[in-house]
file structure_13.txt (compact mmCIF, C-alpha atoms and all ligand atoms)
# COMPACT_ATOMS: atom_id res chain seq x y z
CA MET A 177 243.75 -155.26 148.83
CA THR A 178 243.71 -158.77 150.23
CA LEU A 179 246.83 -160.64 151.26
CA ALA A 180 246.25 -163.16 148.47
CA HIS A 181 246.01 -160.35 145.93
CA MET A 182 249.29 -158.89 147.17
CA GLN A 183 250.99 -162.24 146.79
CA THR A 184 249.81 -162.46 143.20
CA LEU A 185 251.19 -158.98 142.55
CA ASN A 186 254.53 -159.88 144.11
CA THR A 187 254.94 -162.97 141.97
CA GLY A 188 254.00 -161.02 138.89
CA ASP A 189 256.27 -158.10 139.68
CA GLN A 190 259.37 -160.24 140.02
CA ALA A 191 259.10 -161.07 136.34
CA LEU A 192 258.83 -157.40 135.43
CA GLY A 193 262.52 -156.51 135.86
CA THR A 194 263.51 -153.26 137.54
CA VAL A 195 260.39 -151.61 138.88
CA ALA A 196 260.10 -147.90 139.69
CA ILE A 197 257.23 -146.41 141.66
CA TYR A 198 256.13 -142.87 140.83
CA PRO A 199 253.95 -141.80 143.76
CA GLY A 200 251.81 -138.71 144.05
CA THR A 201 248.35 -137.25 144.40
CA PHE A 202 247.83 -136.64 140.66
CA ASP A 203 244.82 -134.36 141.21
CA PRO A 204 244.68 -134.40 138.23
CA ILE A 205 247.56 -135.80 136.13
CA THR A 206 249.26 -133.02 134.09
CA LYS A 207 251.61 -132.94 131.11
CA GLY A 208 254.45 -132.43 133.63
CA HIS A 209 253.61 -135.78 135.23
CA SER A 210 253.22 -137.65 131.93
CA ASP A 211 256.54 -136.27 130.72
CA ILE A 212 258.26 -137.73 133.80
CA VAL A 213 256.49 -141.07 133.23
CA ALA A 214 257.44 -141.20 129.53
CA ARG A 215 261.10 -140.60 130.32
CA ALA A 216 261.12 -143.08 133.21
CA ALA A 217 259.49 -145.70 130.98
CA GLY A 218 262.60 -145.51 128.80
CA ILE A 219 264.92 -146.07 131.77
CA PHE A 220 263.14 -148.68 133.91
CA ASP A 221 261.62 -152.00 132.87
CA HIS A 222 258.34 -151.22 134.57
CA VAL A 223 256.90 -148.00 136.00
CA ILE A 224 254.02 -147.95 138.45
CA LEU A 225 252.30 -144.60 138.82
CA ALA A 226 250.97 -144.89 142.37
CA VAL A 227 247.99 -142.71 143.23
CA ALA A 228 247.78 -141.92 146.95
CA ALA A 229 244.35 -142.76 148.35
CA ALA A 230 245.08 -141.48 151.84
CA THR A 231 246.05 -137.87 151.43
CA SER A 232 245.74 -134.88 153.73
CA LYS A 233 244.99 -132.83 150.64
CA ASN A 234 241.42 -131.88 149.87
CA THR A 235 241.28 -133.35 146.37
CA ALA A 236 239.03 -132.22 143.52
CA PHE A 237 238.89 -135.79 142.13
CA SER A 238 238.28 -139.00 144.08
CA THR A 239 240.99 -141.65 144.15
CA ASP A 240 239.12 -143.74 141.56
CA GLU A 241 238.75 -140.72 139.30
CA ARG A 242 242.46 -139.83 139.62
CA VAL A 243 243.41 -143.43 138.81
CA ASP A 244 241.00 -143.58 135.89
CA LEU A 245 242.28 -140.32 134.34
CA ALA A 246 245.92 -141.38 134.72
CA ARG A 247 245.15 -144.78 133.11
CA GLN A 248 243.53 -143.14 130.10
CA VAL A 249 246.32 -140.58 129.69
CA LEU A 250 249.10 -143.18 129.97
CA ALA A 251 247.42 -145.99 128.00
CA GLU A 252 249.99 -145.82 125.19
CA HIS A 253 252.87 -146.92 127.45
CA LYS A 254 253.05 -150.69 127.56
CA ASN A 255 255.41 -150.85 130.58
CA VAL A 256 253.47 -148.34 132.67
CA GLU A 257 250.79 -149.31 135.12
CA VAL A 258 248.55 -147.15 137.31
CA ARG A 259 247.59 -148.35 140.78
CA ARG A 260 246.12 -146.79 143.87
CA PHE A 261 247.88 -147.26 147.18
CA GLU A 262 246.66 -146.90 150.73
CA GLY A 263 248.75 -146.09 153.75
CA LEU A 264 252.50 -145.86 153.84
CA LEU A 265 254.38 -145.50 150.54
CA ALA A 266 257.30 -147.54 151.94
CA HIS A 267 255.00 -150.55 152.41
CA PHE A 268 253.69 -150.27 148.86
CA VAL A 269 257.23 -149.97 147.48
CA ARG A 270 258.25 -153.12 149.34
CA ASP A 271 255.11 -155.03 148.31
CA CYS A 272 255.81 -154.21 144.65
CA GLY A 273 259.47 -155.26 144.94
CA ALA A 274 260.45 -151.85 143.52
CA LYS A 275 264.03 -150.67 143.39
CA ALA A 276 263.31 -146.99 142.80
CA VAL A 277 260.96 -144.27 143.96
CA LEU A 278 260.62 -141.68 141.26
CA ARG A 279 260.02 -138.00 141.97
CA GLY A 280 259.98 -135.00 139.67
CA LEU A 281 261.77 -131.78 140.53
CA ARG A 282 260.49 -128.49 139.20
CA ALA A 283 262.47 -125.94 141.16
CA VAL A 284 264.98 -125.65 143.98
CA SER A 285 262.02 -125.00 146.27
CA ASP A 286 260.86 -128.62 145.71
CA PHE A 287 264.21 -129.92 146.86
CA GLU A 288 264.21 -129.48 150.64
CA TYR A 289 260.98 -131.41 151.20
CA GLU A 290 261.88 -134.05 148.60
CA PHE A 291 265.31 -134.56 150.16
CA GLN A 292 263.72 -135.16 153.57
CA LEU A 293 261.15 -137.53 152.07
CA ALA A 294 263.89 -139.47 150.23
CA GLY A 295 265.89 -139.83 153.45
CA MET A 296 262.92 -141.12 155.41
CA ASN A 297 261.90 -143.56 152.68
CA LYS A 298 265.46 -144.92 152.51
CA LYS A 299 265.27 -145.53 156.26
CA LEU A 300 261.89 -147.27 155.97
CA VAL A 301 262.68 -149.32 152.86
CA PRO A 302 266.50 -149.56 152.43
CA GLU A 303 266.29 -151.74 149.31
CA ALA A 304 264.83 -148.87 147.26
CA ASP A 305 266.40 -145.55 146.28
CA THR A 306 264.78 -142.28 145.31
CA VAL A 307 265.52 -141.14 141.78
CA PHE A 308 264.85 -137.51 140.85
CA LEU A 309 264.06 -136.49 137.30
CA PRO A 310 264.20 -132.79 136.50
CA THR A 311 261.19 -131.40 134.71
CA THR A 312 261.67 -130.35 131.13
CA GLU A 313 261.81 -126.60 130.75
CA ASN A 314 258.36 -126.24 129.23
CA TYR A 315 256.64 -127.88 132.18
CA SER A 316 258.47 -126.32 135.12
CA TYR A 317 255.58 -124.00 135.99
CA ILE A 318 252.85 -126.66 135.79
CA SER A 319 251.37 -127.96 139.03
CA SER A 320 248.06 -129.70 139.62
CA SER A 321 247.03 -127.09 142.18
CA LEU A 322 247.64 -124.20 139.79
CA ILE A 323 245.78 -126.02 137.01
CA ARG A 324 242.78 -126.53 139.32
CA GLU A 325 242.84 -122.91 140.39
CA ILE A 326 243.05 -121.55 136.84
CA ALA A 327 240.29 -123.90 135.64
CA SER A 328 238.03 -122.97 138.54
CA LEU A 329 238.42 -119.29 137.65
CA GLY A 330 237.45 -119.94 134.03
CA GLY A 331 240.97 -119.91 132.54
CA ASN A 332 242.00 -122.19 129.70
CA VAL A 333 244.23 -125.07 130.82
CA ALA A 334 244.04 -127.10 127.58
CA GLU A 335 247.74 -126.59 126.94
CA PHE A 336 248.83 -128.14 130.23
CA VAL A 337 246.74 -131.31 130.44
CA HIS A 338 245.56 -134.17 128.22
CA PRO A 339 242.20 -133.47 126.47
CA ILE A 340 240.54 -136.15 128.64
CA VAL A 341 241.70 -134.35 131.78
CA HIS A 342 240.64 -131.02 130.34
CA ALA A 343 237.14 -132.38 129.78
CA ALA A 344 237.02 -133.80 133.31
CA LEU A 345 238.14 -130.50 134.83
CA THR A 346 235.56 -128.56 132.84
CA GLU A 347 232.82 -130.97 133.85
CA ARG A 348 233.79 -130.99 137.52
CA LEU A 349 234.09 -127.24 137.84
CA GLY A 350 230.89 -126.71 135.85
CA LYS A 351 229.03 -128.92 138.33
CA ARG A 352 230.56 -127.00 141.22
CA GLN A 353 229.45 -123.69 139.78
CA LYS A 354 225.88 -124.96 139.45
CA GLY A 355 225.96 -126.21 143.06
P1 LIG A 401 252.48 -134.91 145.72
O1 LIG A 401 251.23 -134.59 146.42
O2 LIG A 401 253.15 -136.16 146.19
O3 LIG A 401 253.47 -133.75 145.57
P2 LIG A 401 251.83 -134.49 142.94
O4 LIG A 401 250.78 -135.20 142.20
O5 LIG A 401 251.66 -133.02 143.15
O6 LIG A 401 251.99 -135.30 144.27
O7 LIG A 401 253.25 -134.70 142.23
C1 LIG A 401 253.81 -135.99 142.09
C2 LIG A 401 255.26 -135.85 141.67
O8 LIG A 401 255.33 -135.23 140.40
C3 LIG A 401 256.12 -135.00 142.59
O9 LIG A 401 257.41 -135.58 142.64
C4 LIG A 401 256.16 -133.66 141.90
O10 LIG A 401 257.35 -132.96 142.22
C5 LIG A 401 256.20 -134.12 140.45
N1 LIG A 401 255.70 -133.09 139.53
C6 LIG A 401 254.54 -132.39 139.59
N2 LIG A 401 254.42 -131.54 138.55
C7 LIG A 401 255.56 -131.67 137.82
C8 LIG A 401 256.07 -131.04 136.63
N3 LIG A 401 255.40 -130.06 136.02
N4 LIG A 401 257.28 -131.46 136.17
C9 LIG A 401 257.96 -132.42 136.82
N5 LIG A 401 257.55 -133.05 137.94
C10 LIG A 401 256.36 -132.67 138.44

call {"tool": "encode", "arguments": {"input": "structure_13.txt", "output": "structure tokens"}}
result
Amino acid sequence: MTLAHMQTLNTGDQALGTVAIYPGTFDPITKGHSDIVARAAGIFDHVILAVAAATSKNTAFSTDERVDLARQVLAEHKNVEVRRFEGLLAHFVRDCGAKAVLRGLRAVSDFEYEFQLAGMNKKLVPEADTVFLPTTENYSYISSSLIREIASLGGNVAEFVHPIVHAALTERLGKRQKG
């Protein structure tokens, strides 16, 4: 992203109202993620689902693929945008002029790490606060890693992801099996 491009984004974002960033790996986006996005889209003026390009995780899908899948899945939401981000989340949050960092909570076990992350982000970018949304009951057991594992072992994950994501998972794992 060039400096000029960032300036354009900043100018644009100021007109968007209250912006929330929903960061993650989204490898791939699940129904748990889209549920969080749909609810946040009703609370904030503008929601940016931010796909982390630099991740220590060994992802099944490239950053462009993760962005592309999320865009297709979330196309119906007019105030939701999908962007990739490089480097530190705090910098991206500041560049977007966001007021909130959105995270989903599935279980108490998510909390300790999320609480630490929220504290550090507040230190790095004091003008933004972390907002936690609890998962809805039906989606509490869905995680991208579990979905990938089940799909790679030939299980049916159609119930947990958008049909587009299901097709992508089947195609990716099929290719892997051939290789
Ligand atoms: P990360 O690598 O940052 O944990 P993920 O893509 O795994 O990224 O998750 C992004 C966010 O979505 C995290 O806040 C995570 O807790 C939340 N999340 C993941 N799955 C669910 C779900 N089923 N319900 C609610 N929130 C979820």

call {"tool": "residues_near_ligand", "arguments": {"input": "structure_13.txt", "ligand": "ligand LIG 401 (chain A)", "cutoff": "7 Å", "atoms": "all atoms listed in the file", "output": "list of chain:residue names"}}
result
A:Pro199, A:Gly200, A:Thr201, A:Phe202, A:Asp203, A:Ile205, A:Thr206, A:Lys207, A:Gly208, A:His209, A:Ile212, A:Arg279, A:Gly280, A:Leu281, A:Arg282, A:Asp286, A:Pro310, A:Thr311, A:Thr312, A:Tyr315, A:Ser316, A:Tyr317, A:Ile318, A:Ser319, A:Ser320

call {"tool": "residues_around", "arguments": {"input": "structure_13.txt", "residues": "region 222-226 of chain A", "least_positions_apart": "6", "cutoff": "8 Å", "atoms": "all atoms listed in the file", "output": "ChimeraX atom specification"}}
result
/A:192-200,213,216,255-261

call {"tool": "atom_distance", "arguments": {"input": "structure_13.txt", "atom1": "CA of Phe287 (chain A)", "atom2": "CA of Leu309 (chain A)"}}
result
11.6 Å

call {"tool": "atom_distance", "arguments": {"input": "structure_13.txt", "atom1": "CA of Gln248 (chain A)", "atom2": "CA of Ile340 (chain A)"}}
result
7.7 Å

call {"tool": "closest_residue", "arguments": {"input": "structure_13.txt", "among": "A:Ala266, A:Val341, A:Glu347, A:Ser285", "to": "Val243 (chain A)", "atoms": "all atoms listed in the file"}}
result
A:Val341

call {"tool": "closest_residue", "arguments": {"input": "structure_13.txt", "among": "A:Ala283, A:Val269, A:Ala327, A:Ala217", "to": "Val301 (chain A)", "atoms": "all atoms listed in the file"}}
result
A:Val269

call {"tool": "closest_residue", "arguments": {"input": "structure_13.txt", "among": "A:Leu300, A:Ala230, A:Leu322, A:Ala251", "to": "Val337 (chain A)", "atoms": "all atoms listed in the file"}}
result
A:Leu322

call {"tool": "residues_around", "arguments": {"input": "structure_13.txt", "residues": "Ala214 (chain A)", "least_positions_apart": "4", "cutoff": "8 Å", "atoms": "only C-alpha atoms", "output": "list in words"}}
result
Ser210, Gly218 and His253 of chain A

call {"tool": "write_last_selection", "arguments": {"input": "structure_13.txt", "atoms": "C-alpha atoms", "output": "CSV table (one decimal), in the frame of the given file"}}
result
chain,number,residue,atom,x,y,z
A,210,SER,CA,253.2,-137.6,131.9
A,218,GLY,CA,262.6,-145.5,128.8
A,253,HIS,CA,252.9,-146.9,127.4
